[in-house]
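Next comes structure_5.cif, a file with mmCIF, C-alpha atoms.
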```cif
data_input
#
loop_
_atom_site.label_atom_id
_atom_site.label_comp_id
_atom_site.auth_asym_id
_atom_site.auth_seq_id
_atom_site.Cartn_x
_atom_site.Cartn_y
_atom_site.Cartn_z
CA MET A 1 0.00 0.00 0.00
CA SER A 2 1.13 3.60 -0.59
CA PHE A 3 0.34 6.35 1.86
CA ILE A 4 2.10 9.67 2.39
CA SER A 5 5.71 9.28 3.54
CA GLY A 6 5.97 12.46 5.65
CA GLU A 7 3.49 14.45 7.70
CA SER A 8 -0.16 14.26 6.75
CA ARG A 9 -1.29 17.18 4.59
CA TRP A 10 -4.29 18.39 6.60
CA ALA A 11 -4.63 21.61 4.60
CA ASP A 12 -5.31 19.52 1.49
CA VAL A 13 -7.71 17.33 3.44
CA ALA A 14 -9.58 20.44 4.57
CA LEU A 15 -9.87 21.76 1.01
CA ALA A 16 -10.96 18.43 -0.47
CA THR A 17 -13.49 17.69 2.24
CA SER A 18 -14.90 21.24 2.13
CA ALA A 19 -15.35 20.88 -1.62
CA ARG A 20 -17.17 17.60 -1.05
CA GLY A 21 -19.41 19.28 1.52
CA PHE A 22 -20.43 22.18 -0.73
CA ALA A 23 -20.89 19.97 -3.79
CA THR A 24 -22.94 17.46 -1.80
CA CYS A 25 -25.09 20.27 -0.45
CA GLY A 26 -25.73 21.37 -4.02
CA GLN A 27 -26.51 17.81 -5.05
CA PHE A 28 -29.08 17.21 -2.30
CA LEU A 29 -30.48 20.73 -2.55
CA THR A 30 -31.18 20.00 -6.21
CA ALA A 31 -32.60 16.51 -5.61
CA THR A 32 -34.88 17.56 -2.74
CA THR A 33 -36.08 20.66 -4.62
CA LEU A 34 -37.05 18.56 -7.64
CA THR A 35 -38.65 15.87 -5.44
CA LEU A 36 -40.80 18.43 -3.64
CA SER A 37 -41.69 20.05 -6.95
CA LEU A 38 -42.90 16.72 -8.34
CA GLN A 39 -44.86 15.83 -5.20
CA THR A 40 -46.61 19.18 -4.89
CA SER A 41 -47.52 19.17 -8.60
CA GLY A 42 -49.42 15.92 -8.10
CA ALA A 43 -46.87 13.55 -9.64
CA GLY A 44 -46.93 9.99 -8.35
CA GLY A 45 -44.29 7.62 -7.09
CA SER A 46 -43.25 6.64 -10.63
CA ALA A 47 -42.30 10.25 -11.44
CA VAL A 48 -40.19 10.56 -8.28
CA ALA A 49 -38.59 7.19 -9.00
CA GLY A 50 -37.83 8.27 -12.57
CA MET A 51 -36.05 11.40 -11.39
CA LEU A 52 -34.04 9.40 -8.84
CA LEU A 53 -33.12 6.85 -11.51
CA ALA A 54 -31.89 9.64 -13.79
CA ALA A 55 -29.72 10.85 -10.91
CA THR A 56 -28.34 7.34 -10.28
CA LEU A 57 -27.97 5.52 -13.61
CA PRO A 58 -24.89 7.49 -14.80
CA LEU A 59 -23.07 6.62 -11.55
CA VAL A 60 -23.48 2.93 -12.43
CA ALA A 61 -23.12 3.02 -16.20
CA LEU A 62 -20.08 5.30 -16.25
CA ALA A 63 -18.19 3.69 -13.32
CA PRO A 64 -15.73 1.67 -15.48
CA LEU A 65 -14.81 4.82 -17.41
CA THR A 66 -14.75 7.33 -14.54
CA GLY A 67 -12.74 4.99 -12.31
CA ARG A 68 -10.01 4.73 -14.92
CA LEU A 69 -10.16 8.49 -15.53
CA ALA A 70 -9.61 9.08 -11.80
CA ASP A 71 -6.46 6.92 -11.91
CA ARG A 72 -5.02 8.09 -15.25
CA VAL A 73 -5.98 11.77 -15.69
CA ASP A 74 -4.71 14.66 -13.58
CA SER A 75 -7.08 15.07 -10.62
CA ARG A 76 -6.88 18.88 -10.92
CA ALA A 77 -8.20 18.83 -14.48
CA LEU A 78 -11.01 16.42 -13.56
CA LEU A 79 -12.20 18.44 -10.55
CA VAL A 80 -12.14 21.76 -12.41
CA GLY A 81 -13.92 20.30 -15.42
CA ALA A 82 -16.57 18.41 -13.43
CA GLY A 83 -17.30 21.36 -11.13
CA THR A 84 -17.66 23.81 -14.01
CA ALA A 85 -19.96 21.48 -15.96
CA GLN A 86 -22.17 20.69 -12.95
CA SER A 87 -22.56 24.37 -12.09
CA ALA A 88 -23.63 25.18 -15.66
CA ILE A 89 -26.10 22.25 -15.76
CA CYS A 90 -27.66 23.25 -12.44
CA LEU A 91 -28.01 26.82 -13.73
CA ALA A 92 -29.87 25.43 -16.75
CA LEU A 93 -32.15 23.40 -14.46
CA ALA A 94 -33.24 26.60 -12.70
CA TYR A 95 -34.74 27.87 -15.97
CA THR A 96 -36.13 24.58 -17.31
CA GLY A 97 -39.72 23.45 -16.85
CA HIS A 98 -40.28 20.60 -19.31
CA PRO A 99 -40.21 17.26 -17.41
CA LEU A 100 -38.20 15.37 -20.05
CA LEU A 101 -35.60 18.13 -20.24
CA VAL A 102 -35.36 18.16 -16.43
CA VAL A 103 -34.73 14.40 -16.38
CA GLY A 104 -32.04 14.77 -19.07
CA LEU A 105 -30.28 17.56 -17.18
CA VAL A 106 -30.43 15.56 -13.94
CA ALA A 107 -28.73 12.67 -15.75
CA LEU A 108 -26.00 15.02 -17.01
CA LEU A 109 -25.57 16.41 -13.49
CA ALA A 110 -25.08 12.86 -12.21
CA SER A 111 -22.49 12.24 -14.93
CA GLY A 112 -20.38 15.03 -13.46
CA LEU A 113 -20.81 13.48 -10.03
CA ALA A 114 -19.67 10.12 -11.45
CA VAL A 115 -16.37 11.81 -12.33
CA ALA A 116 -15.86 13.84 -9.15
CA GLN A 117 -16.72 11.10 -6.63
CA PRO A 118 -13.87 8.63 -7.31
CA VAL A 119 -11.39 11.50 -7.75
CA LEU A 120 -12.08 12.91 -4.27
CA ALA A 121 -12.40 9.46 -2.67
CA ALA A 122 -8.99 8.40 -3.98
CA LEU A 123 -7.31 11.74 -3.20
CA VAL A 124 -8.00 11.75 0.54
CA PRO A 125 -6.03 8.55 1.39
CA ALA A 126 -3.12 9.96 -0.66
CA MET A 127 -2.98 13.03 1.60
CA VAL A 128 -2.40 11.28 4.94
CA ARG A 129 -0.32 8.65 6.68
CA ALA A 130 -1.89 5.24 7.23
CA THR A 131 -2.34 5.95 10.95
CA ASP A 132 -4.29 9.14 10.17
CA LEU A 133 -6.60 7.52 7.64
CA PRO A 134 -9.55 6.90 10.05
CA ARG A 135 -9.53 10.56 11.09
CA ALA A 136 -9.29 11.77 7.49
CA THR A 137 -12.12 9.42 6.51
CA ALA A 138 -14.27 10.80 9.33
CA LEU A 139 -13.54 14.36 8.20
CA ASN A 140 -14.51 13.42 4.64
CA GLN A 141 -17.71 11.80 5.87
CA THR A 142 -18.47 14.82 8.06
CA ALA A 143 -18.14 17.25 5.18
CA GLY A 144 -20.34 15.10 2.98
CA MET A 145 -22.94 14.63 5.69
CA LEU A 146 -23.04 18.34 6.51
CA GLY A 147 -23.83 18.86 2.85
CA VAL A 148 -26.51 16.18 2.94
CA LEU A 149 -27.88 17.68 6.17
CA ALA A 150 -27.99 21.23 4.81
CA GLY A 151 -29.30 20.38 1.33
CA PRO A 152 -32.74 18.92 2.19
CA ALA A 153 -33.28 21.39 5.04
CA LEU A 154 -32.49 24.35 2.77
CA ALA A 155 -34.72 22.92 0.05
CA GLY A 156 -37.63 22.54 2.45
CA PHE A 157 -37.48 26.20 3.52
CA LEU A 158 -36.48 27.74 0.18
CA VAL A 159 -39.06 25.91 -1.92
CA GLY A 160 -41.79 26.95 0.52
CA GLY A 161 -40.71 30.60 0.46
CA PHE A 162 -39.27 31.20 -3.01
CA GLY A 163 -40.24 28.33 -5.30
CA THR A 164 -37.79 26.09 -7.12
CA ARG A 165 -35.55 28.55 -8.98
CA VAL A 166 -33.73 30.12 -6.01
CA PRO A 167 -32.55 26.82 -4.46
CA LEU A 168 -31.32 25.60 -7.85
CA LEU A 169 -29.32 28.80 -8.37
CA ILE A 170 -27.76 28.36 -4.92
CA ALA A 171 -26.92 24.74 -5.79
CA ALA A 172 -25.14 25.94 -8.95
CA VAL A 173 -22.84 28.06 -6.77
CA GLY A 174 -22.15 25.08 -4.48
CA TYR A 175 -20.69 23.04 -7.34
CA LEU A 176 -18.03 25.71 -7.94
CA ALA A 177 -16.34 24.49 -4.74
CA LEU A 178 -14.98 21.59 -6.81
CA VAL A 179 -13.28 24.09 -9.10
CA VAL A 180 -11.72 25.93 -6.15
CA ALA A 181 -10.48 22.67 -4.63
CA GLY A 182 -9.06 21.50 -7.94
CA LEU A 183 -7.02 24.70 -8.23
CA LEU A 184 -5.81 24.89 -4.61
CA VAL A 185 -5.22 21.28 -3.49
CA ARG A 186 -1.53 20.47 -3.85
CA THR A 187 -1.83 16.67 -3.66
CA ARG A 188 -2.55 15.32 -7.12
CA ARG A 189 -3.19 11.94 -8.68
CA GLY A 190 -3.26 10.66 -12.25
CA GLY A 191 -1.34 11.97 -15.21
CA ALA A 192 2.33 11.19 -15.63
CA ARG A 193 2.83 10.74 -11.86
CA ARG A 194 0.23 8.88 -9.89
CA VAL A 195 0.43 10.94 -6.71
CA THR A 196 2.32 14.18 -6.16
CA ALA A 197 2.31 16.88 -3.53
CA THR A 198 3.66 20.11 -4.98
CA GLY A 199 5.27 22.91 -3.02
CA ASP A 200 7.44 22.43 0.07
CA GLY A 201 5.70 19.33 1.31
CA PRO A 202 6.80 15.74 0.83
CA SER A 203 6.36 14.00 -2.48
CA VAL A 204 4.15 10.95 -2.44
CA GLY A 205 4.98 8.29 -4.98
CA VAL A 206 3.71 4.88 -5.92
CA ASP A 207 6.42 2.23 -5.83
CA ALA A 208 6.89 -0.24 -8.67
CA THR A 209 5.30 -3.09 -6.72
CA ASP A 210 2.17 -1.06 -6.03
CA ALA A 211 1.92 0.01 -9.67
CA GLU A 212 2.27 -3.60 -10.85
CA LEU A 213 -0.39 -4.75 -8.38
CA ALA A 214 -2.69 -1.96 -9.53
CA GLY A 215 -2.50 -3.15 -13.11
CA GLY A 216 -3.90 -6.55 -12.16
CA TRP A 217 -6.29 -5.41 -9.43
CA ARG A 218 -9.85 -6.66 -9.68
CA LEU A 219 -12.53 -6.36 -7.02
CA ARG A 220 -13.73 -9.92 -7.59
CA ARG A 221 -10.28 -11.31 -6.70
CA ASP A 222 -10.56 -10.15 -3.07
CA PRO A 223 -13.14 -12.36 -1.28
CA LEU A 224 -13.37 -10.08 1.75
CA LEU A 225 -14.10 -7.01 -0.39
CA VAL A 226 -16.62 -9.00 -2.42
CA ALA A 227 -18.43 -10.07 0.76
CA MET A 228 -18.47 -6.49 2.08
CA VAL A 229 -19.74 -4.94 -1.17
CA ALA A 230 -22.33 -7.68 -1.73
CA THR A 231 -23.72 -7.18 1.77
CA LEU A 232 -23.89 -3.42 1.40
CA ALA A 233 -25.51 -3.65 -2.04
CA GLY A 234 -28.01 -6.27 -0.87
CA VAL A 235 -29.18 -4.17 2.08
CA ILE A 236 -29.46 -1.02 -0.04
CA ALA A 237 -31.50 -2.89 -2.67
CA ALA A 238 -33.83 -4.11 0.10
CA ILE A 239 -34.42 -0.77 1.83
CA GLY A 240 -33.62 1.65 -1.04
CA ALA A 241 -37.32 2.10 -1.83
CA ILE A 242 -37.57 4.19 1.34
CA ASN A 243 -35.99 7.06 -0.61
CA VAL A 244 -39.04 7.14 -2.89
CA ILE A 245 -41.60 6.28 -0.21
CA GLU A 246 -40.36 8.71 2.45
CA VAL A 247 -41.72 11.93 0.92
CA PHE A 248 -45.23 10.41 0.57
CA TYR A 249 -45.12 8.83 4.04
CA VAL A 250 -44.07 12.06 5.74
CA ARG A 251 -46.15 14.52 3.69
CA GLU A 252 -49.34 12.50 3.10
CA THR A 253 -49.61 9.62 5.61
CA LEU A 254 -48.30 11.66 8.55
CA GLY A 255 -49.55 15.03 7.22
CA ALA A 256 -46.30 16.97 7.71
CA SER A 257 -45.24 20.19 5.95
CA ALA A 258 -42.34 20.59 3.51
CA SER A 259 -40.25 22.12 6.30
CA VAL A 260 -40.87 19.13 8.59
CA TYR A 261 -39.99 16.80 5.72
CA GLY A 262 -36.64 18.59 5.38
CA LEU A 263 -36.09 18.25 9.14
CA VAL A 264 -36.86 14.52 9.12
CA THR A 265 -34.57 13.90 6.16
CA GLY A 266 -31.82 15.89 7.84
CA ALA A 267 -32.11 13.82 11.04
CA TRP A 268 -30.73 10.73 9.30
CA THR A 269 -27.86 12.79 7.94
CA LEU A 270 -27.07 14.23 11.37
CA GLY A 271 -26.91 10.68 12.66
CA VAL A 272 -24.47 9.75 9.88
CA LEU A 273 -22.27 12.68 10.86
CA CYS A 274 -22.17 11.62 14.52
CA GLY A 275 -21.66 7.98 13.60
CA ALA A 276 -18.66 8.83 11.41
CA TRP A 277 -16.74 10.34 14.35
CA ILE A 278 -17.83 7.79 16.94
CA PHE A 279 -16.88 4.82 14.79
CA ALA A 280 -13.71 6.45 13.40
CA ARG A 281 -12.27 6.07 16.91
CA VAL A 282 -13.32 2.42 16.92
CA ALA A 283 -11.92 1.82 13.42
CA GLY A 284 -8.56 3.30 14.39
CA ARG A 285 -8.14 0.54 16.98
CA LEU A 286 -9.05 -2.29 14.60
CA ALA A 287 -6.09 -3.54 12.56
CA ASP A 288 -8.13 -6.51 11.35
CA ASP A 289 -10.08 -5.85 8.15
CA GLY A 290 -12.36 -8.79 8.93
CA ALA A 291 -13.48 -7.13 12.15
CA LEU A 292 -14.37 -3.98 10.21
CA VAL A 293 -16.44 -5.96 7.69
CA GLN A 294 -18.29 -7.84 10.46
CA GLY A 295 -18.89 -4.60 12.34
CA GLY A 296 -20.31 -3.05 9.18
CA LEU A 297 -22.75 -5.96 8.85
CA LEU A 298 -24.02 -5.33 12.38
CA LEU A 299 -24.41 -1.61 11.69
CA LEU A 300 -26.37 -2.30 8.50
CA GLY A 301 -28.76 -4.35 10.63
CA GLY A 302 -29.24 -1.27 12.82
CA CYS A 303 -30.19 0.79 9.75
CA CYS A 304 -32.83 -1.78 8.75
CA LEU A 305 -34.24 -1.91 12.28
CA ALA A 306 -34.67 1.88 12.34
CA VAL A 307 -36.58 1.72 9.03
CA LEU A 308 -38.85 -1.04 10.34
CA LEU A 309 -39.63 0.80 13.59
CA SER A 310 -40.54 3.98 11.70
CA VAL A 311 -43.98 2.57 10.85
CA THR A 312 -44.96 2.71 14.52
CA VAL A 313 -44.79 6.51 14.88
CA PRO A 314 -48.05 8.53 14.98
CA SER A 315 -46.38 11.82 13.89
CA ALA A 316 -43.47 12.88 11.70
CA ALA A 317 -41.63 14.48 14.65
CA LEU A 318 -41.17 11.05 16.24
CA LEU A 319 -39.31 9.90 13.15
CA VAL A 320 -36.41 12.15 14.13
CA PRO A 321 -34.93 9.95 16.92
CA LEU A 322 -35.36 6.82 14.82
CA TRP A 323 -33.69 8.44 11.83
CA LEU A 324 -30.87 9.63 14.09
CA LEU A 325 -30.29 6.02 15.19
CA GLY A 326 -30.38 4.73 11.63
CA GLY A 327 -28.01 7.45 10.48
CA LEU A 328 -25.60 6.68 13.34
CA CYS A 329 -25.31 3.10 12.10
CA ASN A 330 -25.07 4.30 8.49
CA GLY A 331 -22.18 6.66 9.34
CA GLY A 332 -20.26 3.92 11.13
CA ASP A 333 -20.63 1.56 8.20
CA ASN A 334 -19.45 4.28 5.79
CA VAL A 335 -16.24 4.74 7.77
CA PHE A 336 -15.65 1.00 8.05
CA HIS A 337 -16.11 0.14 4.38
CA ASN A 338 -14.15 3.19 3.09
CA LEU A 339 -11.27 2.26 5.40
CA VAL A 340 -11.29 -1.36 4.20
CA VAL A 341 -11.15 -0.25 0.54
CA ALA A 342 -8.31 2.23 1.19
CA ARG A 343 -6.30 -0.39 3.10
CA ARG A 344 -6.70 -3.24 0.66
CA VAL A 345 -6.44 -1.57 -2.76
CA PRO A 346 -3.14 -0.39 -4.33
CA GLU A 347 -2.98 3.41 -4.45
CA ALA A 348 -2.80 3.52 -8.23
CA ALA A 349 -6.09 1.57 -8.49
CA ARG A 350 -8.11 3.37 -5.84
CA GLY A 351 -10.05 5.45 -8.36
CA ARG A 352 -11.27 2.26 -10.01
CA ALA A 353 -11.96 0.67 -6.64
CA PHE A 354 -14.09 3.50 -5.28
CA ALA A 355 -15.91 3.78 -8.61
CA ALA A 356 -16.63 0.04 -8.61
CA VAL A 357 -17.92 0.06 -5.04
CA GLY A 358 -19.99 3.16 -5.78
CA ALA A 359 -21.46 1.56 -8.90
CA SER A 360 -22.48 -1.54 -6.92
CA VAL A 361 -24.16 0.58 -4.27
CA GLN A 362 -25.88 2.89 -6.75
CA GLY A 363 -27.02 -0.06 -8.86
CA ALA A 364 -28.61 -1.59 -5.78
CA ALA A 365 -30.24 1.77 -5.00
CA MET A 366 -31.75 1.80 -8.48
CA VAL A 367 -33.47 -1.52 -7.72
CA GLY A 368 -34.98 0.08 -4.63
CA TYR A 369 -36.11 3.15 -6.56
CA LEU A 370 -37.82 1.03 -9.20
CA LEU A 371 -39.59 -1.12 -6.62
CA GLY A 372 -40.64 1.92 -4.61
CA GLY A 373 -42.05 3.74 -7.62
CA LEU A 374 -43.96 0.72 -8.91
CA LEU A 375 -45.35 -0.43 -5.56
CA LEU A 376 -46.46 3.06 -4.52
CA GLU A 377 -48.89 3.03 -7.42
CA ALA A 378 -50.75 0.11 -5.81
CA THR A 379 -49.97 0.19 -2.07
CA ALA A 380 -49.96 2.73 0.75
CA PRO A 381 -46.57 3.88 2.11
CA ARG A 382 -46.81 2.29 5.58
CA PRO A 383 -46.96 -1.41 4.53
CA LEU A 384 -44.20 -0.77 2.00
CA ILE A 385 -41.94 0.53 4.77
CA VAL A 386 -42.65 -2.64 6.76
CA GLY A 387 -41.61 -4.66 3.72
CA CYS A 388 -38.39 -2.65 3.34
CA GLY A 389 -37.37 -3.10 6.97
CA VAL A 390 -38.13 -6.84 7.04
CA ALA A 391 -36.38 -7.44 3.70
CA GLY A 392 -33.30 -5.55 4.90
CA LEU A 393 -33.04 -7.58 8.10
CA LEU A 394 -33.42 -10.82 6.14
CA VAL A 395 -30.60 -9.77 3.82
CA VAL A 396 -28.34 -9.03 6.80
CA LEU A 397 -29.11 -12.44 8.33
CA GLY A 398 -28.54 -14.13 4.98
CA PHE A 399 -25.05 -12.63 4.66
CA VAL A 400 -23.87 -13.56 8.17
CA ALA A 401 -22.53 -16.95 7.08
CA PRO A 402 -20.83 -15.77 3.83
CA VAL A 403 -19.16 -12.87 5.65
CA ARG A 404 -17.90 -15.16 8.41
CA ARG A 405 -16.43 -17.56 5.82
CA ALA A 406 -14.67 -14.69 4.04
CA VAL A 407 -13.29 -13.37 7.33
CA ARG A 408 -12.00 -16.80 8.38
CA ALA A 409 -10.31 -17.24 4.99
CA GLU A 410 -8.71 -13.80 5.26
CA ARG A 411 -7.39 -14.38 8.77
CA SER A 412 -6.01 -17.76 7.75
CA ARG A 413 -4.22 -16.12 4.80
CA VAL A 414 -2.76 -13.37 7.01
CA ARG A 415 -1.41 -15.91 9.53
CA GLN A 416 0.53 -17.57 6.69
CA LEU A 417 2.23 -14.33 5.57
CA PRO A 418 5.93 -13.80 6.42
CA PRO A 419 6.22 -11.69 9.59
CA ALA A 420 8.90 -9.36 8.18
CA GLY A 421 8.74 -6.70 5.49
CA PRO A 422 6.89 -3.42 5.18
CA ALA A 423 4.19 -4.72 2.89
CA GLN A 424 2.57 -7.93 1.77
CA THR A 425 0.57 -8.83 -1.27
CA GLY A 426 -3.13 -9.34 -0.66
CA PRO A 427 -5.48 -11.71 -2.45
CA ALA A 428 -5.01 -11.66 -6.21
CA GLY A 429 -3.08 -8.42 -6.31
CA ALA A 430 -4.72 -6.29 -3.62
CA GLY A 431 -1.99 -4.32 -1.84
CA LEU A 432 -2.18 -4.88 1.93
CA ALA A 433 -0.14 -3.12 4.57
CA THR A 434 1.03 -5.58 7.21
CA SER A 435 -0.13 -3.25 9.97
CA ALA A 436 -3.57 -3.15 8.42
CA THR A 437 -4.13 -6.88 8.46
CA SER A 438 -2.48 -8.26 11.56
CA GLY A 439 -4.50 -8.33 14.74
#
```

As structure tokens, how would this structure be written, given the file I've shared?
Amino acid sequence: MSFISGESRWADVALATSARGFATCGQFLTATTLTLSLQTSGAGGSAVAGMLLAATLPLVALAPLTGRLADRVDSRALLVGAGTAQSAICLALAYTGHPLLVVGLVALLASGLAVAQPVLAALVPAMVRATDLPRATALNQTAGMLGVLAGPALAGFLVGGFGTRVPLLIAAVGYLALVVAGLLVRTRRGGARRVTATGDGPSVGVDATDAELAGGWRLRRDPLLVAMVATLAGVIAAIGAINVIEVFYVRETLGASASVYGLVTGAWTLGVLCGAWIFARVAGRLADDGALVQGGLLLLGGCCLAVLLSVTVPSAALLVPLWLLGGLCNGGDNVFHNLVVARRVPEAARGRAFAAVGASVQGAAMVGYLLGGLLLEATAPRPLIVGCGVAGLLVVLGFVAPVRRAVRAERSRVRQLPPAGPAQTGPAGAGLATSATSG
């Protein structure tokens, strides 16, 4: 594995995570604004699902291309280009009313996100030492979750007071943060040199072994990563319909206002933020990747339980503590699985790795969106939420045995590694730091 050789570059981390926060705020401000616009205009679940699918499909379809771009093209050029394009597209959305044109622009907006996501995800581990990775991951999650927290809440208040144009114009400004970060962050990936830190700071390189491993890296060759991603994707497919159902459950079944809907949505995000910091401390003490994967499985079960219990509340306000609990588990799982990917994948292949994991997750979310949109046409929101929660818990239980087998195989492999040497080769070409796998 390749991490920074000198002191961690926290100024770069701050710039990259701030850019993620502002861009994510713009993303969720746009999505929530358009969702509320569809719901208040009388559109059904299929229309909401269609918009969510347009915002998700490019993340899945373009993953093989954008992952390779993140590893081979200068990260500065990618961030500046993606941020500029997304800002212009969001500006166009503010003055567009035709539903088909809106869906097309949303898909283009997601295409820019498909480029920016793996670039930022792969940059952060390149900015810090291995021992600082949990903290940097928590900071990255915090910035993203603050954006997710602010976006829906802002949309709820701005749509109610000013209509849809003002929040979309504000979102267009938020995407420019990617341009600023691209110009100011000194750590760079891609291009002629995989990772560089310009200026007076240390230079971060990828050794020949890591580059060779990156060339042959494939997600499917690492059983532990496969088990982790399959579990995460399975749970998201099972409970992903809640993203479509939630607005109808809160606004119509529970009779809440647009502002309350924004508050409820933000509660889950606040829980994710808190969970990222709480479980970053736990992750920093776990040198065993298998323990992180098993812990993530338990946390995913907590997310499903929160969804299932939400059908028992008589008012939208009581959803807040349940969503905080679900978000807490969600934030912990985010830290765990991002840390596992960063530890196990060669630096030069991290763009591809994060894009592949993101595509699996977003593809599973698309299944949930489709099911939610179709079932809402025939069934009330409350029984659908029961189905989501039960299905999610069954998926978690179904993956207990496969995850345990993968963890046992990984620990057996690690025990057979030579005790000396700064690095060992993981399964089928995944670069593994010795300190990250012994425990």

Going by the chain IDs and residue numbers used in this file, which residues fall under the PyMOL selection byres ((chain A and resi 73) around 12)? Write them as a PDB file with C-alpha atoms, in the coordinates of the input.
```pdb
ATOM      1  CA  LEU A  65     -14.810   4.820 -17.410  1.00  0.00           C
ATOM      2  CA  THR A  66     -14.750   7.330 -14.540  1.00  0.00           C
ATOM      3  CA  GLY A  67     -12.740   4.990 -12.310  1.00  0.00           C
ATOM      4  CA  ARG A  68     -10.010   4.730 -14.920  1.00  0.00           C
ATOM      5  CA  LEU A  69     -10.160   8.490 -15.530  1.00  0.00           C
ATOM      6  CA  ALA A  70      -9.610   9.080 -11.800  1.00  0.00           C
ATOM      7  CA  ASP A  71      -6.460   6.920 -11.910  1.00  0.00           C
ATOM      8  CA  ARG A  72      -5.020   8.090 -15.250  1.00  0.00           C
ATOM      9  CA  ASP A  74      -4.710  14.660 -13.580  1.00  0.00           C
ATOM     10  CA  SER A  75      -7.080  15.070 -10.620  1.00  0.00           C
ATOM     11  CA  ARG A  76      -6.880  18.880 -10.920  1.00  0.00           C
ATOM     12  CA  ALA A  77      -8.200  18.830 -14.480  1.00  0.00           C
ATOM     13  CA  LEU A  78     -11.010  16.420 -13.560  1.00  0.00           C
ATOM     14  CA  LEU A  79     -12.200  18.440 -10.550  1.00  0.00           C
ATOM     15  CA  GLY A  81     -13.920  20.300 -15.420  1.00  0.00           C
ATOM     16  CA  VAL A 115     -16.370  11.810 -12.330  1.00  0.00           C
ATOM     17  CA  PRO A 118     -13.870   8.630  -7.310  1.00  0.00           C
ATOM     18  CA  VAL A 119     -11.390  11.500  -7.750  1.00  0.00           C
ATOM     19  CA  ARG A 188      -2.550  15.320  -7.120  1.00  0.00           C
ATOM     20  CA  ARG A 189      -3.190  11.940  -8.680  1.00  0.00           C
ATOM     21  CA  GLY A 190      -3.260  10.660 -12.250  1.00  0.00           C
ATOM     22  CA  GLY A 191      -1.340  11.970 -15.210  1.00  0.00           C
ATOM     23  CA  ALA A 192       2.330  11.190 -15.630  1.00  0.00           C
ATOM     24  CA  ARG A 193       2.830  10.740 -11.860  1.00  0.00           C
ATOM     25  CA  ARG A 194       0.230   8.880  -9.890  1.00  0.00           C
ATOM     26  CA  VAL A 195       0.430  10.940  -6.710  1.00  0.00           C
ATOM     27  CA  ALA A 348      -2.800   3.520  -8.230  1.00  0.00           C
ATOM     28  CA  GLY A 351     -10.050   5.450  -8.360  1.00  0.00           C
TER      29      GLY A 351
END
```

Which of these residues is nearest to Leu36 (chain A), using all atoms listed in the file: A:Val244, A:Leu139, A:Leu93, A:Leu318?
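The shortest atom-to-atom distance to Leu36 (chain A) comes from A:Val244.
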
List as a list in words: which residues have an atom within 10 Å of (-28.4, -9.4, 8.9), counting all atoms listed in the file?
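Answer for this query, in the requested form: Thr231, Val235, Leu297, Leu298, Leu299, Leu300, Gly301, Gly302, Cys304, Ala391, Gly392, Leu393, Leu394, Val395, Val396, Leu397, Gly398, Phe399, Val400 and Ala401 of chain A.
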
Nearby residues, (-16.0, 17.8, -14.5) file frame, 9 Å, all atoms listed in the file, as a ChimeraX atom specification
/A:77-86,111-113,115-116,178-179

My list of candidates is A:Val390, A:Val361, A:Ser310, A:Leu29. Which is closest to Ala63 (chain A) when distances are computed with all atoms listed in the file?
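The closest residue to Ala63 (chain A) is A:Val361.
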
Atom-to-atom span, CA of Val102 (chain A) and CA of Met51 (chain A), Å:
8.5 Å

Separation of CA of Asn243 (chain A) and CA of Tyr369 (chain A), in Å?
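Computing the Euclidean distance for CA of Asn243 (chain A) and CA of Tyr369 (chain A) yields 7.1 Å.
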